[in-house]
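*Asks:* This is data.txt, which holds compact mmCIF, C-alpha atoms:
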# COMPACT_ATOMS: atom_id res chain seq x y z
CA MET A 1 0.00 0.00 0.00
CA LEU A 2 1.23 3.51 -0.72
CA ALA A 3 2.92 5.31 2.16
CA ILE A 4 0.70 7.72 4.05
CA ARG A 5 1.96 11.11 5.13
CA THR A 6 0.65 13.17 8.01
CA ARG A 7 -2.80 14.26 7.01
CA ARG A 8 -3.21 17.87 5.92
CA ARG A 9 -6.06 20.01 7.11
CA LYS A 10 -8.49 21.01 4.35
CA ALA A 11 -9.50 24.58 3.82
CA ALA A 12 -11.86 25.65 6.60
CA THR A 13 -14.70 26.23 4.19
CA PHE A 14 -14.72 22.65 2.99
CA ALA A 15 -14.26 21.18 6.45
CA ALA A 16 -17.20 23.11 7.82
CA VAL A 17 -19.46 22.26 4.94
CA ALA A 18 -18.43 18.61 5.08
CA VAL A 19 -19.49 18.37 8.71
CA LEU A 20 -22.87 19.81 7.86
CA ALA A 21 -23.22 17.43 4.93
CA GLY A 22 -22.56 14.50 7.23
CA LEU A 23 -25.41 15.59 9.48
CA ALA A 24 -27.88 16.03 6.63
CA ALA A 25 -30.80 13.67 6.15
CA PRO A 26 -30.10 10.74 3.80
CA SER A 27 -31.26 10.68 0.19
CA LEU A 28 -34.57 9.09 -0.66
CA THR A 29 -32.85 6.79 -3.11
CA ALA A 30 -29.54 5.78 -1.56
CA SER A 31 -27.20 6.36 1.35
CA PRO A 32 -23.79 6.92 -0.26
CA ALA A 33 -22.20 7.79 3.08
CA THR A 34 -22.05 4.06 3.91
CA ALA A 35 -19.38 3.51 1.25
CA THR A 36 -15.82 2.88 2.43
CA THR A 37 -13.60 5.87 1.73
CA THR A 38 -9.95 6.91 1.96
CA THR A 39 -8.75 10.11 3.62
CA ASN A 40 -8.28 12.66 0.84
CA THR A 41 -4.71 13.55 1.80
CA ASP A 42 -3.39 9.99 2.03
CA TYR A 43 -1.65 10.42 -1.32
CA ASP A 44 0.00 13.80 -0.78
CA SER A 45 3.49 12.42 -0.12
CA THR A 46 3.30 9.88 -2.94
CA TYR A 47 0.85 10.40 -5.80
CA TYR A 48 0.66 14.20 -5.46
CA GLU A 49 4.23 14.73 -4.30
CA ASP A 50 5.17 16.93 -7.28
CA ALA A 51 2.06 19.11 -6.92
CA ILE A 52 2.05 19.89 -3.21
CA GLY A 53 2.87 23.53 -2.48
CA LYS A 54 2.21 24.76 -6.01
CA THR A 55 -0.53 27.11 -7.19
CA GLY A 56 -2.04 28.46 -10.41
CA THR A 57 -0.65 27.33 -13.75
CA SER A 58 2.22 25.52 -12.06
CA LEU A 59 -0.22 23.40 -10.06
CA LYS A 60 -2.35 22.72 -13.13
CA SER A 61 0.70 21.62 -15.12
CA SER A 62 1.93 19.31 -12.36
CA LEU A 63 -1.50 17.73 -11.92
CA HIS A 64 -1.79 17.22 -15.68
CA THR A 65 1.47 15.26 -15.70
CA ILE A 66 0.42 13.19 -12.69
CA ILE A 67 -3.06 12.20 -13.85
CA SER A 68 -2.08 11.60 -17.48
CA ASP A 69 -0.40 8.38 -16.37
CA GLN A 70 -3.46 6.15 -16.66
CA THR A 71 -4.81 2.92 -18.06
CA LYS A 72 -7.29 3.62 -20.85
CA LEU A 73 -10.51 1.67 -21.29
CA SER A 74 -12.44 0.75 -24.40
CA TYR A 75 -15.94 2.18 -24.66
CA SER A 76 -17.47 -1.28 -24.27
CA ALA A 77 -15.45 -1.84 -21.09
CA VAL A 78 -17.03 1.28 -19.58
CA TRP A 79 -20.30 -0.61 -18.99
CA ASP A 80 -18.75 -3.01 -16.49
CA ALA A 81 -16.57 -0.32 -14.95
CA LEU A 82 -19.58 1.86 -14.12
CA LYS A 83 -21.31 -1.10 -12.49
CA ALA A 84 -18.47 -1.10 -9.98
CA THR A 85 -17.67 2.60 -9.62
CA ASP A 86 -21.30 3.67 -9.18
CA GLU A 87 -22.63 0.67 -7.31
CA ASP A 88 -25.40 1.44 -4.84
CA PRO A 89 -23.80 0.91 -1.40
CA ASP A 90 -27.17 -0.31 -0.13
CA ASN A 91 -27.85 -2.73 -3.01
CA SER A 92 -24.93 -4.37 -4.81
CA GLY A 93 -27.18 -5.31 -7.73
CA ASN A 94 -27.87 -1.67 -8.59
CA VAL A 95 -26.11 1.52 -9.66
CA ILE A 96 -26.96 5.07 -8.61
CA LEU A 97 -27.95 7.27 -11.54
CA LEU A 98 -26.14 10.60 -11.55
CA TYR A 99 -28.80 13.18 -12.32
CA SER A 100 -31.92 11.48 -10.96
CA GLY A 101 -30.38 9.80 -7.90
CA VAL A 102 -32.41 6.67 -8.64
CA SER A 103 -31.03 3.24 -7.77
CA ARG A 104 -31.47 1.01 -10.82
CA SER A 105 -30.57 -2.57 -11.66
CA LYS A 106 -27.13 -3.04 -13.19
CA SER A 107 -28.73 -5.30 -15.79
CA LEU A 108 -30.84 -2.43 -17.17
CA ASN A 109 -27.98 -0.86 -19.10
CA GLY A 110 -28.92 0.00 -22.67
CA GLY A 111 -30.68 2.53 -24.80
CA ASP A 112 -34.39 2.00 -24.13
CA THR A 113 -36.73 4.00 -21.92
CA GLY A 114 -36.25 2.77 -18.36
CA ASP A 115 -32.61 1.81 -19.02
CA TRP A 116 -29.48 3.60 -17.91
CA ASN A 117 -26.68 4.56 -20.26
CA ARG A 118 -23.22 6.15 -20.23
CA GLU A 119 -23.39 9.89 -19.68
CA HIS A 120 -20.42 12.02 -20.74
CA VAL A 121 -20.50 14.78 -18.12
CA TRP A 122 -18.07 16.72 -20.31
CA ALA A 123 -20.32 16.46 -23.37
CA LYS A 124 -18.41 14.55 -26.03
CA SER A 125 -19.34 17.06 -28.74
CA HIS A 126 -17.48 19.79 -26.81
CA GLY A 127 -14.14 19.07 -28.42
CA ASP A 128 -15.54 16.46 -30.80
CA PHE A 129 -13.87 13.46 -29.15
CA GLY A 130 -16.88 11.17 -29.39
CA THR A 131 -16.35 7.76 -27.79
CA SER A 132 -12.68 7.54 -28.72
CA THR A 133 -10.40 5.81 -26.24
CA GLY A 134 -9.16 8.66 -24.09
CA PRO A 135 -11.58 11.47 -23.17
CA GLY A 136 -14.46 9.52 -24.70
CA THR A 137 -13.89 6.59 -22.35
CA ASP A 138 -12.48 8.29 -19.26
CA ILE A 139 -14.63 7.02 -16.40
CA HIS A 140 -13.73 9.95 -14.19
CA HIS A 141 -16.45 11.83 -16.12
CA LEU A 142 -18.60 8.95 -17.39
CA ARG A 143 -21.54 8.17 -15.11
CA PRO A 144 -24.71 6.07 -15.25
CA SER A 145 -27.72 8.16 -16.21
CA ASP A 146 -31.35 7.49 -17.01
CA VAL A 147 -31.65 7.33 -20.80
CA ARG A 148 -34.38 9.95 -20.96
CA VAL A 149 -32.73 12.37 -18.51
CA ASN A 150 -29.44 11.96 -20.35
CA SER A 151 -31.21 12.94 -23.57
CA VAL A 152 -32.65 16.04 -21.90
CA ARG A 153 -29.20 17.11 -20.76
CA GLY A 154 -27.80 16.47 -24.26
CA ASN A 155 -24.65 18.54 -24.75
CA LYS A 156 -25.77 21.56 -22.75
CA ASP A 157 -23.37 23.53 -20.61
CA PHE A 158 -23.95 23.79 -16.86
CA ASP A 159 -25.64 26.78 -15.23
CA ASN A 160 -28.32 27.60 -12.67
CA GLY A 161 -31.99 27.82 -13.55
CA GLY A 162 -34.61 26.43 -15.85
CA SER A 163 -37.63 24.18 -15.60
CA ALA A 164 -37.82 20.90 -13.71
CA VAL A 165 -36.64 17.81 -15.60
CA SER A 166 -39.23 15.05 -15.39
CA GLU A 167 -37.87 12.27 -13.14
CA GLY A 168 -34.62 14.26 -12.92
CA GLY A 169 -34.37 14.22 -9.14
CA GLY A 170 -34.62 18.00 -8.93
CA SER A 171 -32.49 18.79 -11.98
CA LEU A 172 -33.43 21.84 -14.05
CA THR A 173 -32.89 22.74 -17.69
CA ASP A 174 -33.48 25.50 -20.21
CA SER A 175 -32.58 26.02 -23.86
CA ASP A 176 -28.81 26.20 -23.35
CA SER A 177 -27.94 24.87 -19.91
CA PHE A 178 -28.51 22.11 -17.37
CA GLU A 179 -28.51 22.26 -13.58
CA PRO A 180 -28.09 18.89 -11.81
CA ARG A 181 -29.76 18.06 -8.51
CA ASP A 182 -28.16 19.64 -5.45
CA ALA A 183 -26.57 16.43 -4.15
CA VAL A 184 -24.27 16.07 -7.17
CA LYS A 185 -23.56 19.67 -8.16
CA GLY A 186 -20.07 19.45 -6.72
CA ASP A 187 -19.49 16.04 -8.30
CA VAL A 188 -20.32 17.49 -11.71
CA ALA A 189 -18.04 20.48 -11.18
CA ARG A 190 -15.10 18.35 -10.08
CA MET A 191 -15.51 16.04 -13.08
CA ILE A 192 -15.43 19.05 -15.39
CA PHE A 193 -12.31 20.46 -13.73
CA TYR A 194 -10.63 17.05 -13.95
CA MET A 195 -11.22 16.95 -17.70
CA ALA A 196 -9.85 20.47 -18.16
CA VAL A 197 -6.61 19.45 -16.46
CA ARG A 198 -6.27 15.97 -17.90
CA TYR A 199 -6.81 16.90 -21.57
CA GLU A 200 -4.52 19.75 -22.54
CA GLY A 201 -4.22 19.23 -26.29
CA GLY A 202 -1.94 16.18 -26.31
CA ASP A 203 -2.69 12.61 -27.43
CA GLY A 204 -4.35 13.98 -30.58
CA PHE A 205 -7.29 15.41 -28.64
CA ALA A 206 -8.48 18.98 -28.16
CA ASP A 207 -7.37 21.20 -25.29
CA LEU A 208 -10.44 21.15 -23.05
CA GLU A 209 -11.05 24.29 -21.01
CA VAL A 210 -13.73 25.67 -18.69
CA ASN A 211 -15.00 29.13 -19.63
CA GLY A 212 -17.48 31.72 -18.42
CA GLN A 213 -20.32 31.13 -20.86
CA VAL A 214 -22.92 28.64 -22.00
CA ASP A 215 -23.98 27.52 -25.48
CA ASN A 216 -20.41 26.53 -26.38
CA GLY A 217 -21.54 24.13 -29.09
CA SER A 218 -18.77 21.97 -30.53
CA ASN A 219 -15.95 24.16 -29.21
CA PRO A 220 -13.69 22.40 -26.67
CA TYR A 221 -15.12 24.47 -23.82
CA ILE A 222 -17.72 24.02 -21.12
CA GLY A 223 -19.22 26.61 -18.80
CA LYS A 224 -20.17 28.22 -16.69
CA LEU A 225 -16.97 28.66 -14.72
CA SER A 226 -18.32 30.85 -11.92
CA VAL A 227 -21.25 28.48 -11.37
CA LEU A 228 -19.09 25.36 -11.38
CA LYS A 229 -16.74 26.93 -8.84
CA ALA A 230 -19.70 27.76 -6.62
CA TRP A 231 -21.05 24.21 -6.92
CA ASN A 232 -17.65 22.82 -5.92
CA GLU A 233 -17.83 24.83 -2.69
CA GLN A 234 -21.51 24.26 -1.96
CA ASP A 235 -21.37 20.48 -2.40
CA PRO A 236 -18.04 19.09 -1.09
CA PRO A 237 -17.02 15.47 -1.79
CA ASP A 238 -19.01 12.89 0.12
CA ALA A 239 -18.14 9.27 0.88
CA PHE A 240 -19.73 7.99 -2.34
CA GLU A 241 -17.65 10.33 -4.53
CA GLU A 242 -14.46 9.60 -2.61
CA HIS A 243 -15.07 5.86 -2.78
CA ARG A 244 -15.69 6.13 -6.52
CA ASN A 245 -12.39 7.96 -6.98
CA GLN A 246 -10.64 5.17 -5.11
CA VAL A 247 -12.23 2.40 -7.19
CA VAL A 248 -11.22 4.15 -10.43
CA TYR A 249 -7.69 4.45 -9.08
CA ASP A 250 -7.36 0.94 -7.65
CA ASP A 251 -9.18 -1.16 -10.23
CA TYR A 252 -9.49 0.64 -13.57
CA GLN A 253 -7.57 3.71 -14.71
CA HIS A 254 -5.04 3.94 -11.88
CA ASN A 255 -5.26 7.73 -11.85
CA ARG A 256 -7.19 10.01 -9.52
CA ASN A 257 -9.43 13.05 -9.76
CA PRO A 258 -7.33 15.54 -7.77
CA PHE A 259 -10.31 17.80 -7.11
CA VAL A 260 -12.07 15.06 -5.17
CA ASP A 261 -8.99 14.70 -2.98
CA HIS A 262 -8.33 18.46 -2.83
CA PRO A 263 -11.40 20.50 -3.79
CA GLU A 264 -9.57 23.66 -2.67
CA TRP A 265 -7.28 23.28 -5.69
CA VAL A 266 -10.14 24.49 -7.91
CA GLU A 267 -9.83 27.97 -6.45
CA SER A 268 -6.05 27.78 -6.62
CA ILE A 269 -6.12 27.13 -10.38
CA TRP A 270 -9.21 29.08 -11.49
Rewrite the coordinates I just gave you, this time as structure tokens.
*Replies:*
Amino acid sequence: MLAIRTRRRKAATFAAVAVLAGLAAPSLTASPATATTTTNTDYDSTYYEDAIGKTGTSLKSSLHTIISDQTKLSYSAVWDALKATDEDPDNSGNVILLYSGVSRSKSLNGGDTGDWNREHVWAKSHGDFGTSTGPGTDIHHLRPSDVRVNSVRGNKDFDNGGSAVSEGGGSLTDSDSFEPRDAVKGDVARMIFYMAVRYEGGDGFADLEVNGQVDNGSNPYIGKLSVLKAWNEQDPPDAFEEHRNQVVYDDYQHNRNPFVDHPEWVESIW
């Protein structure tokens, strides 16, 4: 097992919010807090050794180098990976759907109404990478989603506001943006920030960046930066998200989402 350094204290904002989150009432659909998790700073002296103490562009560059060392999956392999990474901690036969929060049978993966499919949180048309091995199959931003809700989200950028999405668990949408349910707003933000650091124009793929607008179309950008930063602060990582990060690291890609381990790095970079 990797050596563990003395644990660092998180920024006070995240610590305080995390305590409140732990006292909140459980979800109607699942209780992710029962998942086993690893202390976020366990990897500071090993995995993140070259990033600790850096800020801004220097931090972003160091994290890019660190997380680019990964095992890449085929798109077909993503199905089985998501059945493990997003397993319902209260029912091992189910996965938790990202936007709706519903617990659904692992066997109902497909493309029909009532099924769940593979949602690209960084919409694959934003940078035109499709389902290519690399950003198109990176399970740090691929999540199970209800087929219909996934279709409603489409390739919209993220922002606040809109009308309720039917069976969307409290998600909202309008003509050019999508707002996920409160319980996963931070998860969505941290997945977006991961992609912007991991894919910097190498490997034949576009340089993905977060910007301050919506309706980005096929450009390699996703917004809205100010909203995503706010979501990262409002919804800190919970046990389910931390456990997922660990499973991706241990069993599949062998790289981590640094913003799950250190959500304060979002503010340091952006």
*Asks:* Can you pull out the residues contacting region 218-222 of chain A? Cut-off 6 Å, using all atoms listed in the file, and skip same-chain residues under 4 positions away; I want them as a PyMOL selection string.
*Replies:* chain A and resi 125-127+157+208-211
*Asks:* Convert the current residue selection to file output with C-alpha atoms, as a PDB file, in the frame of the given file.
*Replies:*
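Dumped to part_10.pdb:
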ATOM      1  CA  SER A 125     -19.340  17.060 -28.740  1.00  0.00           C
ATOM      2  CA  HIS A 126     -17.480  19.790 -26.810  1.00  0.00           C
ATOM      3  CA  GLY A 127     -14.140  19.070 -28.420  1.00  0.00           C
ATOM      4  CA  ASP A 157     -23.370  23.530 -20.610  1.00  0.00           C
ATOM      5  CA  LEU A 208     -10.440  21.150 -23.050  1.00  0.00           C
ATOM      6  CA  GLU A 209     -11.050  24.290 -21.010  1.00  0.00           C
ATOM      7  CA  VAL A 210     -13.730  25.670 -18.690  1.00  0.00           C
ATOM      8  CA  ASN A 211     -15.000  29.130 -19.630  1.00  0.00           C
TER       9      ASN A 211
END
*Asks:* Using only C-alpha atoms, which residues sit within 7 Å of His140 (chain A) once same-chain residues fewer than 2 positions away are excluded, as a ChimeraX atom specification?
*Replies:* /A:138,142,191,257
*Asks:* Would you mind telling me which residue in A:Ser107, A:Asn255, A:Gln234, A:Ser145 lies nearest to Asp80 (chain A) when using all atoms listed in the file?
*Replies:*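 Among the listed residues, the smallest separation from Asp80 (chain A) belongs to A:Ser107.
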*Asks:* What does the distance between CA of Gly134 (chain A) and CA of Val121 (chain A) come to in Å, to one decimal place?
*Replies:*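 Going from CA of Gly134 (chain A) over to CA of Val121 (chain A), I get 14.2 Å.
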*Asks:* Please report the interatomic distance between CA of Glu200 (chain A) and CA of Lys83 (chain A) in Å with one decimal.
*Replies:*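 One can read the CA of Glu200 (chain A) to CA of Lys83 (chain A) distance as 28.6 Å.
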*Asks:* Quote the spacing between CA of Gly201 (chain A) and CA of Lys229 (chain A) in Å to one decimal place.
*Replies:*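 Computing the Euclidean distance for CA of Gly201 (chain A) and CA of Lys229 (chain A) yields 22.8 Å.
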*Asks:* Against region 236-250 of chain A, which residues of region 99-190 of chain A fall within 8 Å? For each one I want the closest pair of atoms and the distance in Å (one decimal), counting all atoms listed in the file, rows by chain and increasing residue number, as a Markdown table.
*Replies:*
| residue | atom | partner | partner_atom | distance |
| --- | --- | --- | --- | --- |
| A:Ile139 | CA | A:Val248 | CA | 7.5 |
| A:His140 | CA | A:Val248 | CA | 7.4 |
| A:Gly186 | CA | A:Pro236 | CA | 6.0 |
| A:Asp187 | CA | A:Pro237 | CA | 7.0 |
*Asks:* With all atoms listed in the file as the basis for distance, which of A:Asp207, A:Lys185, A:Val95, A:Tyr194 is at the shortest distance from Asn232 (chain A)?
*Replies:*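 Between A:Asp207, A:Lys185, A:Val95, A:Tyr194, the residue approaching Asn232 (chain A) most closely is A:Lys185.
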*Asks:* Skipping near chain neighbours, those fewer than 6 positions away, what residues fall within 10 Å of Leu98 (chain A) using only C-alpha atoms, listed as a compact mmCIF listing (two decimals) with C-alpha atoms, keeping the file's coordinate frame?
*Replies:*
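As a result, around.txt now contains:
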# COMPACT_ATOMS: atom_id res chain seq x y z
CA ASP A 86 -21.30 3.67 -9.18
CA GLU A 119 -23.39 9.89 -19.68
CA VAL A 121 -20.50 14.78 -18.12
CA LEU A 142 -18.60 8.95 -17.39
CA ARG A 143 -21.54 8.17 -15.11
CA PRO A 144 -24.71 6.07 -15.25
CA SER A 145 -27.72 8.16 -16.21
CA ASP A 146 -31.35 7.49 -17.01
CA VAL A 149 -32.73 12.37 -18.51
CA ASN A 150 -29.44 11.96 -20.35
CA GLY A 168 -34.62 14.26 -12.92
CA GLY A 169 -34.37 14.22 -9.14
CA PRO A 180 -28.09 18.89 -11.81
CA ARG A 181 -29.76 18.06 -8.51
CA ALA A 183 -26.57 16.43 -4.15
CA VAL A 184 -24.27 16.07 -7.17
CA ASP A 187 -19.49 16.04 -8.30
CA VAL A 188 -20.32 17.49 -11.71
*Asks:* Set up a box along x, y and z of the file covering all listed atoms of region 131-137 of chain A, add 6 Å on every one of the six sides, and write the centre and edge lengths in Å to one decimal, as AutoDock Vina command-line options.
*Replies:*
--center_x -12.8 --center_y 8.6 --center_z -25.5 --size_x 19.2 --size_y 17.7 --size_z 18.4
